[in-house]
Amino acid sequence: DLLDRRRKVAWAFFWQVPGATLPFFIAFLMTQFFPDDVDLQWRMTLGLGAVPALVVMLYSVGKEDSKEFQAAKQDVSLSNALRKREYWGKLIGTGGAWWCYNVIHFGPHLIAPVIIANIFDVEGEVDTVNSVALQTTFANLLGIPGVLTCC
């Protein structure tokens with residue numbers, strides 16, 4: 001069902017926000033559990049960050065591609081698509097949509113320190129792992145209502 005497939009895609013994008021937020025939240029927790037050991041905080045955050053990717057990888061091992069995907073991946077090289085004028089609109093539309101999404105999604109990450117400084121009024125204060133992790137977690141969670149509007 002087309003609507004079901006669209007919802008699945010929307011939920012995949014939804015999970016990017018919690019996925020991008022979780023490392024900062026874990027870093028905050030590590031500052032609480034190991035307040036004097038920044039090296040251990042970093043190593044635990046990095047190690048725990050690999051767990052979700054490992055779970056997905058283990059879950060996908062041995063899975064077969066759907067018949068629809070197998071049929072669709074026949075003759076889909078970029079050079080073949082560019083030769084067929086009927087694909088041009090789809091390629092431009094898809095590429096344009098991805099470009100817009102990337103600007104909206106990743107743009108704020110480029111200026112996150114400025115945004116966070118304005119939200120929390122922390123100009124001139126010394127940044128700690130604890131404060132940066134907590135403030136970035138909060139700022140990232142502000143994106144959840146935005147992605148929920150698409151689901």
# chains A, B, ... in the order shown; residues from 1 in each chain; ligands from 1
call {"tool": "residues_around", "arguments": {"residues": "region 100-107 of chain A", "least_positions_apart": "4", "cutoff": "12 Å", "atoms": "only C-alpha atoms", "output": "mmCIF file with all heavy atoms, in the first residue's frame"}}
result
data_model
loop_
_atom_site.group_PDB
_atom_site.id
_atom_site.type_symbol
_atom_site.label_atom_id
_atom_site.label_comp_id
_atom_site.auth_asym_id
_atom_site.auth_seq_id
_atom_site.Cartn_x
_atom_site.Cartn_y
_atom_site.Cartn_z
ATOM 1 N N PHE A 13 12.753 8.966 8.706
ATOM 2 C CA PHE A 13 13.313 10.305 8.886
ATOM 3 C C PHE A 13 13.092 10.801 10.310
ATOM 4 O O PHE A 13 13.931 11.502 10.858
ATOM 5 C CB PHE A 13 12.720 11.287 7.869
ATOM 6 C CG PHE A 13 13.337 11.139 6.528
ATOM 7 C CD1 PHE A 13 12.723 10.385 5.544
ATOM 8 C CD2 PHE A 13 14.556 11.720 6.255
ATOM 9 C CE1 PHE A 13 13.305 10.234 4.310
ATOM 10 C CE2 PHE A 13 15.150 11.577 5.017
ATOM 11 C CZ PHE A 13 14.518 10.818 4.041
ATOM 12 N N PHE A 14 11.964 10.442 10.902
ATOM 13 C CA PHE A 14 11.715 10.836 12.290
ATOM 14 C C PHE A 14 12.844 10.338 13.193
ATOM 15 O O PHE A 14 13.347 11.083 14.032
ATOM 16 C CB PHE A 14 10.382 10.270 12.788
ATOM 17 C CG PHE A 14 10.265 10.317 14.295
ATOM 18 C CD1 PHE A 14 9.920 11.495 14.920
ATOM 19 C CD2 PHE A 14 10.541 9.207 15.073
ATOM 20 C CE1 PHE A 14 9.832 11.562 16.299
ATOM 21 C CE2 PHE A 14 10.462 9.268 16.447
ATOM 22 C CZ PHE A 14 10.103 10.448 17.065
ATOM 23 N N GLN A 16 15.834 9.927 12.737
ATOM 24 C CA GLN A 16 17.119 10.612 12.626
ATOM 25 C C GLN A 16 17.311 11.611 13.763
ATOM 26 O O GLN A 16 18.426 11.794 14.242
ATOM 27 C CB GLN A 16 17.225 11.341 11.284
ATOM 28 C CG GLN A 16 17.436 10.409 10.122
ATOM 29 C CD GLN A 16 17.620 11.155 8.821
ATOM 30 O OE1 GLN A 16 17.424 12.355 8.732
ATOM 31 N NE2 GLN A 16 18.009 10.431 7.788
ATOM 32 N N VAL A 17 16.230 12.261 14.181
ATOM 33 C CA VAL A 17 16.364 13.265 15.249
ATOM 34 C C VAL A 17 16.734 12.599 16.574
ATOM 35 O O VAL A 17 17.720 12.996 17.208
ATOM 36 C CB VAL A 17 15.093 14.126 15.369
ATOM 37 C CG1 VAL A 17 15.180 15.054 16.568
ATOM 38 C CG2 VAL A 17 14.877 14.930 14.099
ATOM 39 N N ALA A 20 20.294 11.397 16.309
ATOM 40 C CA ALA A 20 21.314 12.449 16.399
ATOM 41 C C ALA A 20 21.410 13.019 17.805
ATOM 42 O O ALA A 20 22.431 13.586 18.183
ATOM 43 C CB ALA A 20 20.990 13.568 15.402
ATOM 44 N N ILE A 92 15.450 15.438 -11.114
ATOM 45 C CA ILE A 92 15.537 16.831 -10.649
ATOM 46 C C ILE A 92 14.671 17.025 -9.406
ATOM 47 O O ILE A 92 15.091 17.651 -8.430
ATOM 48 C CB ILE A 92 15.140 17.804 -11.780
ATOM 49 C CG1 ILE A 92 16.208 17.778 -12.869
ATOM 50 C CG2 ILE A 92 14.949 19.218 -11.238
ATOM 51 C CD1 ILE A 92 15.801 18.475 -14.153
ATOM 52 N N GLY A 93 13.469 16.455 -9.427
ATOM 53 C CA GLY A 93 12.582 16.573 -8.263
ATOM 54 C C GLY A 93 13.154 15.903 -7.025
ATOM 55 O O GLY A 93 13.144 16.472 -5.930
ATOM 56 N N THR A 94 13.677 14.712 -7.212
ATOM 57 C CA THR A 94 14.257 13.993 -6.080
ATOM 58 C C THR A 94 15.504 14.696 -5.566
ATOM 59 O O THR A 94 15.669 14.905 -4.360
ATOM 60 C CB THR A 94 14.603 12.542 -6.487
ATOM 61 O OG1 THR A 94 13.423 11.914 -6.971
ATOM 62 C CG2 THR A 94 15.161 11.765 -5.313
ATOM 63 N N GLY A 95 16.391 15.081 -6.483
ATOM 64 C CA GLY A 95 17.613 15.783 -6.078
ATOM 65 C C GLY A 95 17.303 17.109 -5.411
ATOM 66 O O GLY A 95 17.916 17.479 -4.406
ATOM 67 N N GLY A 96 16.336 17.840 -5.968
ATOM 68 C CA GLY A 96 15.944 19.125 -5.374
ATOM 69 C C GLY A 96 15.345 18.957 -3.993
ATOM 70 O O GLY A 96 15.639 19.723 -3.074
ATOM 71 N N ILE A 111 25.433 25.881 12.594
ATOM 72 C CA ILE A 111 25.455 27.060 13.469
ATOM 73 C C ILE A 111 24.903 26.726 14.855
ATOM 74 O O ILE A 111 24.472 27.616 15.582
ATOM 75 C CB ILE A 111 24.684 28.240 12.842
ATOM 76 C CG1 ILE A 111 23.236 27.857 12.553
ATOM 77 C CG2 ILE A 111 25.387 28.752 11.611
ATOM 78 C CD1 ILE A 111 22.357 29.036 12.189
ATOM 79 N N ALA A 112 24.941 25.437 15.218
ATOM 80 C CA ALA A 112 24.414 25.003 16.514
ATOM 81 C C ALA A 112 25.019 25.767 17.694
ATOM 82 O O ALA A 112 24.279 26.149 18.611
ATOM 83 C CB ALA A 112 24.606 23.499 16.696
ATOM 84 N N ILE A 115 23.139 29.028 17.949
ATOM 85 C CA ILE A 115 21.752 28.810 18.371
ATOM 86 C C ILE A 115 21.698 28.490 19.859
ATOM 87 O O ILE A 115 20.899 29.054 20.607
ATOM 88 C CB ILE A 115 21.108 27.683 17.542
ATOM 89 C CG1 ILE A 115 20.979 28.109 16.082
ATOM 90 C CG2 ILE A 115 19.748 27.300 18.113
ATOM 91 C CD1 ILE A 115 20.574 26.992 15.140
ATOM 92 N N ASN A 140 18.366 19.678 20.022
ATOM 93 C CA ASN A 140 17.998 18.654 19.041
ATOM 94 C C ASN A 140 16.565 18.186 19.228
ATOM 95 O O ASN A 140 15.860 17.936 18.254
ATOM 96 C CB ASN A 140 18.944 17.455 19.126
ATOM 97 C CG ASN A 140 20.267 17.708 18.460
ATOM 98 O OD1 ASN A 140 20.462 18.707 17.782
ATOM 99 N ND2 ASN A 140 21.197 16.801 18.667
ATOM 100 N N GLY A 143 13.574 19.567 17.381
ATOM 101 C CA GLY A 143 13.259 19.145 16.022
ATOM 102 C C GLY A 143 12.193 18.061 15.939
ATOM 103 O O GLY A 143 11.631 17.828 14.876
ATOM 104 N N ILE A 144 11.874 17.432 17.055
ATOM 105 C CA ILE A 144 10.892 16.339 17.019
ATOM 106 C C ILE A 144 9.511 16.814 16.570
ATOM 107 O O ILE A 144 8.893 16.168 15.726
ATOM 108 C CB ILE A 144 10.850 15.597 18.374
ATOM 109 C CG1 ILE A 144 12.124 14.754 18.500
ATOM 110 C CG2 ILE A 144 9.606 14.717 18.491
ATOM 111 C CD1 ILE A 144 12.239 13.939 19.735
ATOM 112 N N GLY A 146 8.798 19.068 14.516
ATOM 113 C CA GLY A 146 8.883 19.300 13.075
ATOM 114 C C GLY A 146 8.792 18.008 12.269
ATOM 115 O O GLY A 146 8.062 17.949 11.287
ATOM 116 N N VAL A 147 9.515 16.987 12.696
ATOM 117 C CA VAL A 147 9.459 15.746 11.942
ATOM 118 C C VAL A 147 8.163 14.986 12.185
ATOM 119 O O VAL A 147 7.701 14.240 11.314
ATOM 120 C CB VAL A 147 10.685 14.837 12.204
ATOM 121 C CG1 VAL A 147 11.943 15.465 11.677
ATOM 122 C CG2 VAL A 147 10.829 14.489 13.654
#
call {"tool": "residues_around", "arguments": {"residues": "Trp11 (chain A)", "least_positions_apart": "6", "cutoff": "12 Å", "atoms": "only C-alpha atoms", "output": "VMD selection string"}}
result
chain A and resid 4 to 5 17 to 18 144 147 to 151
call {"tool": "write_last_selection", "arguments": {"atoms": "N, CA, C and O atoms", "output": "compact mmCIF listing (two decimals), in the first residue's frame"}}
result
# COMPACT_ATOMS: atom_id res chain seq x y z
N ASP A 4 1.10 3.30 3.29
CA ASP A 4 1.91 2.60 4.29
C ASP A 4 3.40 2.80 4.01
O ASP A 4 4.18 3.04 4.92
N ARG A 5 3.79 2.72 2.74
CA ARG A 5 5.19 2.93 2.39
C ARG A 5 5.62 4.35 2.69
O ARG A 5 6.73 4.59 3.18
N VAL A 17 16.23 12.26 14.18
CA VAL A 17 16.36 13.26 15.25
C VAL A 17 16.73 12.60 16.57
O VAL A 17 17.72 13.00 17.21
N PRO A 18 15.98 11.59 17.05
CA PRO A 18 16.44 10.93 18.27
C PRO A 18 17.82 10.29 18.12
O PRO A 18 18.62 10.31 19.05
N ILE A 144 11.87 17.43 17.06
CA ILE A 144 10.89 16.34 17.02
C ILE A 144 9.51 16.81 16.57
O ILE A 144 8.89 16.17 15.73
N VAL A 147 9.51 16.99 12.70
CA VAL A 147 9.46 15.75 11.94
C VAL A 147 8.16 14.99 12.18
O VAL A 147 7.70 14.24 11.31
N LEU A 148 7.53 15.20 13.31
CA LEU A 148 6.24 14.55 13.57
C LEU A 148 5.15 15.08 12.66
O LEU A 148 4.19 14.36 12.36
N THR A 149 5.29 16.29 12.18
CA THR A 149 4.29 16.84 11.26
C THR A 149 4.31 16.09 9.93
O THR A 149 3.33 16.15 9.19
N CYS A 150 5.40 15.40 9.64
CA CYS A 150 5.49 14.66 8.38
C CYS A 150 5.04 13.21 8.50
O CYS A 150 4.89 12.53 7.50
N CYS A 151 4.88 12.72 9.71
CA CYS A 151 4.56 11.29 9.90
C CYS A 151 3.08 11.00 9.81
O CYS A 151 2.21 11.65 10.04
call {"tool": "residues_around", "arguments": {"residues": "Val122 (chain A)", "least_positions_apart": "5", "cutoff": "12 Å", "atoms": "only C-alpha atoms", "output": "PDB file with all heavy atoms, in the first residue's frame"}}
result
ATOM      1  N   PRO A 113      26.322  26.034  17.708  1.00  0.00           N
ATOM      2  CA  PRO A 113      26.859  26.787  18.855  1.00  0.00           C
ATOM      3  C   PRO A 113      26.215  28.168  19.012  1.00  0.00           C
ATOM      4  O   PRO A 113      25.955  28.619  20.126  1.00  0.00           O
ATOM      5  CB  PRO A 113      28.354  26.899  18.538  1.00  0.00           C
ATOM      6  CG  PRO A 113      28.644  25.736  17.662  1.00  0.00           C
ATOM      7  CD  PRO A 113      27.402  25.559  16.838  1.00  0.00           C
ATOM      8  N   VAL A 114      25.928  28.820  17.895  1.00  0.00           N
ATOM      9  CA  VAL A 114      25.297  30.143  17.960  1.00  0.00           C
ATOM     10  C   VAL A 114      23.858  30.012  18.467  1.00  0.00           C
ATOM     11  O   VAL A 114      23.420  30.781  19.333  1.00  0.00           O
ATOM     12  CB  VAL A 114      25.315  30.820  16.564  1.00  0.00           C
ATOM     13  CG1 VAL A 114      24.538  32.124  16.581  1.00  0.00           C
ATOM     14  CG2 VAL A 114      26.742  31.043  16.109  1.00  0.00           C
ATOM     15  N   ILE A 115      23.139  29.028  17.949  1.00  0.00           N
ATOM     16  CA  ILE A 115      21.752  28.810  18.371  1.00  0.00           C
ATOM     17  C   ILE A 115      21.698  28.490  19.859  1.00  0.00           C
ATOM     18  O   ILE A 115      20.899  29.054  20.607  1.00  0.00           O
ATOM     19  CB  ILE A 115      21.108  27.683  17.542  1.00  0.00           C
ATOM     20  CG1 ILE A 115      20.979  28.109  16.082  1.00  0.00           C
ATOM     21  CG2 ILE A 115      19.748  27.300  18.113  1.00  0.00           C
ATOM     22  CD1 ILE A 115      20.574  26.992  15.140  1.00  0.00           C
ATOM     23  N   ILE A 116      22.564  27.586  20.299  1.00  0.00           N
ATOM     24  CA  ILE A 116      22.570  27.189  21.711  1.00  0.00           C
ATOM     25  C   ILE A 116      22.961  28.357  22.602  1.00  0.00           C
ATOM     26  O   ILE A 116      22.378  28.556  23.671  1.00  0.00           O
ATOM     27  CB  ILE A 116      23.498  25.966  21.912  1.00  0.00           C
ATOM     28  CG1 ILE A 116      22.848  24.746  21.264  1.00  0.00           C
ATOM     29  CG2 ILE A 116      23.787  25.719  23.382  1.00  0.00           C
ATOM     30  CD1 ILE A 116      23.748  23.546  21.174  1.00  0.00           C
ATOM     31  N   ALA A 117      23.930  29.146  22.161  1.00  0.00           N
ATOM     32  CA  ALA A 117      24.330  30.316  22.960  1.00  0.00           C
ATOM     33  C   ALA A 117      23.167  31.281  23.116  1.00  0.00           C
ATOM     34  O   ALA A 117      22.979  31.875  24.183  1.00  0.00           O
ATOM     35  CB  ALA A 117      25.521  31.015  22.310  1.00  0.00           C
ATOM     36  N   ASP A 127      32.562  26.293  28.582  1.00  0.00           N
ATOM     37  CA  ASP A 127      31.806  25.110  28.185  1.00  0.00           C
ATOM     38  C   ASP A 127      32.379  23.876  28.865  1.00  0.00           C
ATOM     39  O   ASP A 127      33.591  23.666  28.896  1.00  0.00           O
ATOM     40  CB  ASP A 127      31.880  24.908  26.669  1.00  0.00           C
ATOM     41  CG  ASP A 127      31.083  25.942  25.899  1.00  0.00           C
ATOM     42  OD1 ASP A 127      30.091  26.447  26.455  1.00  0.00           O
ATOM     43  OD2 ASP A 127      31.443  26.234  24.753  1.00  0.00           O
ATOM     44  N   THR A 128      31.501  23.063  29.396  1.00  0.00           N
ATOM     45  CA  THR A 128      31.892  21.766  29.931  1.00  0.00           C
ATOM     46  C   THR A 128      31.197  20.704  29.096  1.00  0.00           C
ATOM     47  O   THR A 128      30.220  20.986  28.395  1.00  0.00           O
ATOM     48  CB  THR A 128      31.465  21.618  31.403  1.00  0.00           C
ATOM     49  OG1 THR A 128      30.026  21.658  31.467  1.00  0.00           O
ATOM     50  CG2 THR A 128      32.052  22.713  32.275  1.00  0.00           C
ATOM     51  N   SER A 131      27.508  20.615  30.168  1.00  0.00           N
ATOM     52  CA  SER A 131      26.618  21.673  29.688  1.00  0.00           C
ATOM     53  C   SER A 131      26.382  21.576  28.189  1.00  0.00           C
ATOM     54  O   SER A 131      25.257  21.731  27.721  1.00  0.00           O
ATOM     55  CB  SER A 131      27.167  23.057  30.062  1.00  0.00           C
ATOM     56  OG  SER A 131      28.383  23.317  29.397  1.00  0.00           O
ATOM     57  N   VAL A 132      27.436  21.299  27.420  1.00  0.00           N
ATOM     58  CA  VAL A 132      27.269  21.181  25.968  1.00  0.00           C
ATOM     59  C   VAL A 132      26.360  20.004  25.628  1.00  0.00           C
ATOM     60  O   VAL A 132      25.463  20.108  24.782  1.00  0.00           O
ATOM     61  CB  VAL A 132      28.640  21.039  25.268  1.00  0.00           C
ATOM     62  CG1 VAL A 132      28.472  20.668  23.801  1.00  0.00           C
ATOM     63  CG2 VAL A 132      29.438  22.318  25.404  1.00  0.00           C
ATOM     64  N   GLN A 135      22.684  20.912  26.688  1.00  0.00           N
ATOM     65  CA  GLN A 135      22.122  21.967  25.842  1.00  0.00           C
ATOM     66  C   GLN A 135      21.879  21.459  24.415  1.00  0.00           C
ATOM     67  O   GLN A 135      20.856  21.769  23.812  1.00  0.00           O
ATOM     68  CB  GLN A 135      23.051  23.178  25.831  1.00  0.00           C
ATOM     69  CG  GLN A 135      23.110  23.877  27.162  1.00  0.00           C
ATOM     70  CD  GLN A 135      24.303  24.798  27.298  1.00  0.00           C
ATOM     71  OE1 GLN A 135      25.107  24.943  26.382  1.00  0.00           O
ATOM     72  NE2 GLN A 135      24.429  25.429  28.457  1.00  0.00           N
TER      73      GLN A 135
END
call {"tool": "closest_residue", "arguments": {"among": "A:Thr45, A:Ser66, A:Ser77, A:Asn118", "to": "Leu22 (chain A)", "atoms": "only C-alpha atoms"}}
result
A:Thr45
call {"tool": "residues_around", "arguments": {"residues": "Phe28 (chain A)", "least_positions_apart": "5", "cutoff": "9 Å", "atoms": "only C-alpha atoms", "output": "ChimeraX atom specification"}}
result
/A:23,33,41,129-134,137
call {"tool": "write_last_selection", "arguments": {"atoms": "C-alpha atoms", "output": "short mmCIF file (atom, residue, chain, number, x, y, z; two decimals), in the first residue's frame"}}
result
data_model
loop_
_atom_site.label_atom_id
_atom_site.label_comp_id
_atom_site.auth_asym_id
_atom_site.auth_seq_id
_atom_site.Cartn_x
_atom_site.Cartn_y
_atom_site.Cartn_z
CA PRO A 23 24.97 10.58 21.67
CA PHE A 33 28.42 8.62 36.18
CA GLN A 41 33.24 9.67 29.18
CA VAL A 129 31.04 18.38 28.45
CA ASN A 130 28.05 18.31 30.79
CA SER A 131 26.62 21.67 29.69
CA VAL A 132 27.27 21.18 25.97
CA ALA A 133 25.72 17.69 26.03
CA LEU A 134 22.62 18.82 27.93
CA THR A 137 20.21 17.39 23.64
#
call {"tool": "atom_distance", "arguments": {"atom1": "CA of Thr21 (chain A)", "atom2": "CA of Arg6 (chain A)"}}
result
23.9 Å
call {"tool": "select_by_dssp", "arguments": {"residues": "chain A", "states": "helix (DSSP H, G or I)", "output": "PyMOL selection string"}}
result
chain A and resi 2-14+16-33+38-60+67-72+78-83+85-110+112-120+129-141+144-148
call {"tool": "residues_around", "arguments": {"residues": "Arg43 (chain A)", "least_positions_apart": "3", "cutoff": "12 Å", "atoms": "only C-alpha atoms", "output": "MDAnalysis selection string"}}
result
chainID A and resid 23 26:27 30:31 34 37:40 46:50
call {"tool": "decode", "arguments": {"residues": "region 73-92 of chain A", "atoms": "N, CA, C and O atoms", "output": "mmCIF file, in the first residue's frame"}}
result
data_model
loop_
_atom_site.group_PDB
_atom_site.id
_atom_site.type_symbol
_atom_site.label_atom_id
_atom_site.label_comp_id
_atom_site.auth_asym_id
_atom_site.auth_seq_id
_atom_site.Cartn_x
_atom_site.Cartn_y
_atom_site.Cartn_z
ATOM 1 N N LYS A 73 15.890 -2.468 -9.074
ATOM 2 C CA LYS A 73 17.321 -2.184 -9.209
ATOM 3 C C LYS A 73 17.906 -2.680 -10.530
ATOM 4 O O LYS A 73 19.077 -2.466 -10.794
ATOM 5 N N GLN A 74 17.092 -3.284 -11.371
ATOM 6 C CA GLN A 74 17.545 -3.672 -12.701
ATOM 7 C C GLN A 74 17.679 -2.414 -13.554
ATOM 8 O O GLN A 74 16.774 -1.598 -13.610
ATOM 9 N N ASP A 75 18.809 -2.228 -14.192
ATOM 10 C CA ASP A 75 19.011 -1.139 -15.143
ATOM 11 C C ASP A 75 18.756 0.238 -14.526
ATOM 12 O O ASP A 75 18.018 1.044 -15.082
ATOM 13 N N VAL A 76 19.333 0.537 -13.361
ATOM 14 C CA VAL A 76 19.102 1.835 -12.724
ATOM 15 C C VAL A 76 20.385 2.636 -12.540
ATOM 16 O O VAL A 76 20.454 3.479 -11.678
ATOM 17 N N SER A 77 21.349 2.397 -13.372
ATOM 18 C CA SER A 77 22.570 3.190 -13.245
ATOM 19 C C SER A 77 22.254 4.636 -13.614
ATOM 20 O O SER A 77 21.318 4.920 -14.369
ATOM 21 N N LEU A 78 23.030 5.541 -13.091
ATOM 22 C CA LEU A 78 22.804 6.964 -13.357
ATOM 23 C C LEU A 78 22.933 7.272 -14.843
ATOM 24 O O LEU A 78 22.132 8.030 -15.400
ATOM 25 N N SER A 79 23.911 6.653 -15.498
ATOM 26 C CA SER A 79 24.080 6.924 -16.931
ATOM 27 C C SER A 79 22.862 6.469 -17.730
ATOM 28 O O SER A 79 22.432 7.162 -18.653
ATOM 29 N N ASN A 80 22.272 5.325 -17.373
ATOM 30 C CA ASN A 80 21.054 4.870 -18.048
ATOM 31 C C ASN A 80 19.886 5.796 -17.756
ATOM 32 O O ASN A 80 19.076 6.085 -18.638
ATOM 33 N N ALA A 81 19.775 6.257 -16.523
ATOM 34 C CA ALA A 81 18.678 7.160 -16.162
ATOM 35 C C ALA A 81 18.791 8.489 -16.887
ATOM 36 O O ALA A 81 17.791 9.053 -17.330
ATOM 37 N N LEU A 82 20.013 8.999 -17.044
ATOM 38 C CA LEU A 82 20.204 10.282 -17.721
ATOM 39 C C LEU A 82 19.906 10.194 -19.223
ATOM 40 O O LEU A 82 19.574 11.194 -19.852
ATOM 41 N N ARG A 83 20.011 9.019 -19.785
ATOM 42 C CA ARG A 83 19.699 8.842 -21.204
ATOM 43 C C ARG A 83 18.200 8.858 -21.476
ATOM 44 O O ARG A 83 17.786 9.058 -22.605
ATOM 45 N N LYS A 84 17.397 8.620 -20.477
ATOM 46 C CA LYS A 84 15.942 8.546 -20.658
ATOM 47 C C LYS A 84 15.307 9.845 -20.159
ATOM 48 O O LYS A 84 15.299 10.126 -18.965
ATOM 49 N N ARG A 85 14.758 10.606 -21.087
ATOM 50 C CA ARG A 85 14.190 11.915 -20.736
ATOM 51 C C ARG A 85 13.049 11.806 -19.724
ATOM 52 O O ARG A 85 12.824 12.730 -18.945
ATOM 53 N N GLU A 86 12.329 10.693 -19.729
ATOM 54 C CA GLU A 86 11.203 10.559 -18.791
ATOM 55 C C GLU A 86 11.670 10.511 -17.332
ATOM 56 O O GLU A 86 10.888 10.731 -16.412
ATOM 57 N N TYR A 87 12.953 10.250 -17.093
ATOM 58 C CA TYR A 87 13.497 10.235 -15.737
ATOM 59 C C TYR A 87 14.002 11.600 -15.286
ATOM 60 O O TYR A 87 14.239 11.807 -14.099
ATOM 61 N N TRP A 88 14.206 12.520 -16.205
ATOM 62 C CA TRP A 88 14.812 13.796 -15.851
ATOM 63 C C TRP A 88 14.013 14.537 -14.788
ATOM 64 O O TRP A 88 14.577 15.059 -13.835
ATOM 65 N N GLY A 89 12.718 14.618 -14.948
ATOM 66 C CA GLY A 89 11.880 15.316 -13.965
ATOM 67 C C GLY A 89 11.971 14.664 -12.594
ATOM 68 O O GLY A 89 12.060 15.344 -11.571
ATOM 69 N N LYS A 90 11.965 13.321 -12.584
ATOM 70 C CA LYS A 90 12.069 12.596 -11.311
ATOM 71 C C LYS A 90 13.429 12.830 -10.661
ATOM 72 O O LYS A 90 13.520 13.013 -9.443
ATOM 73 N N LEU A 91 14.483 12.824 -11.468
ATOM 74 C CA LEU A 91 15.820 13.049 -10.921
ATOM 75 C C LEU A 91 15.964 14.463 -10.367
ATOM 76 O O LEU A 91 16.503 14.659 -9.274
ATOM 77 N N ILE A 92 15.450 15.438 -11.114
ATOM 78 C CA ILE A 92 15.537 16.831 -10.649
ATOM 79 C C ILE A 92 14.671 17.025 -9.406
ATOM 80 O O ILE A 92 15.091 17.651 -8.430
#
